[in-house]
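Here's the structure we're looking at; comments come further down.
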Amino acid sequence: MTKGNNDSEHISRRAVLAGTTLALGVGATGAAVRRVAAQTKISQAAAKYQNTPKGQQSCVVCLNFQPPNACKFVDGTISPNGWCMLFAAKT
């Protein structure tokens, strides 16, 4: 009977180790997927980008604008005078 209890202890330790390994693997995979998703930009059409400002809102005063002509979220060449629906004013 002692041997049976000993076997069940080994099995539960293995299960815990296997579960921990699996959880770490899933976590690392999830982080990698989030990084790729964060690096993917949307099209100018999807962002409703235009080469002209919308009132006082323009890319040059947007948090997402990356001089001289890029955006963190919108693909392609971005004019400092442009605008899109992802506009977020610098404060």
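In the structure tokens, each chain is lettered A, B, ... as it comes, each chain's residues begin at 1, and ligands are numbered from 1 in order of appearance.
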
query = Near A:Gln44, within 9 Å and counting only C-alpha atoms, which residues show up once chain neighbours fewer than 2 positions away are dropped, as a count of residues only?
reply = 11

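You will find atom CA of A:Gln39 at 23.7 Å from atom CA of A:Asn81.
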
Point to revise | Residues within 8 Å of A:Pro67, only C-alpha atoms, excluding chain neighbours under 3 positions, as a PyMOL selection string | key: chain A and resi 60+70+80

I need the chosen residues saved as a PDB file, in the first residue's frame, with N, CA and C atoms.
ATOM      1  N   VAL A  60       0.930  65.863 -37.467  1.00  0.00           N
ATOM      2  CA  VAL A  60       2.085  66.455 -36.796  1.00  0.00           C
ATOM      3  C   VAL A  60       1.830  66.691 -35.304  1.00  0.00           C
ATOM      4  N   ALA A  70       5.761  58.843 -40.897  1.00  0.00           N
ATOM      5  CA  ALA A  70       5.243  57.522 -40.545  1.00  0.00           C
ATOM      6  C   ALA A  70       4.279  57.622 -39.362  1.00  0.00           C
ATOM      7  N   PRO A  80       2.684  64.947 -42.573  1.00  0.00           N
ATOM      8  CA  PRO A  80       2.504  65.647 -41.293  1.00  0.00           C
ATOM      9  C   PRO A  80       1.194  66.438 -41.261  1.00  0.00           C
TER      10      PRO A  80
END

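Counting only C-alpha atoms, the residue from A:Lys72, A:Gly82, A:Thr77, A:Thr40 that sits nearest to A:Cys59 is A:Gly82.
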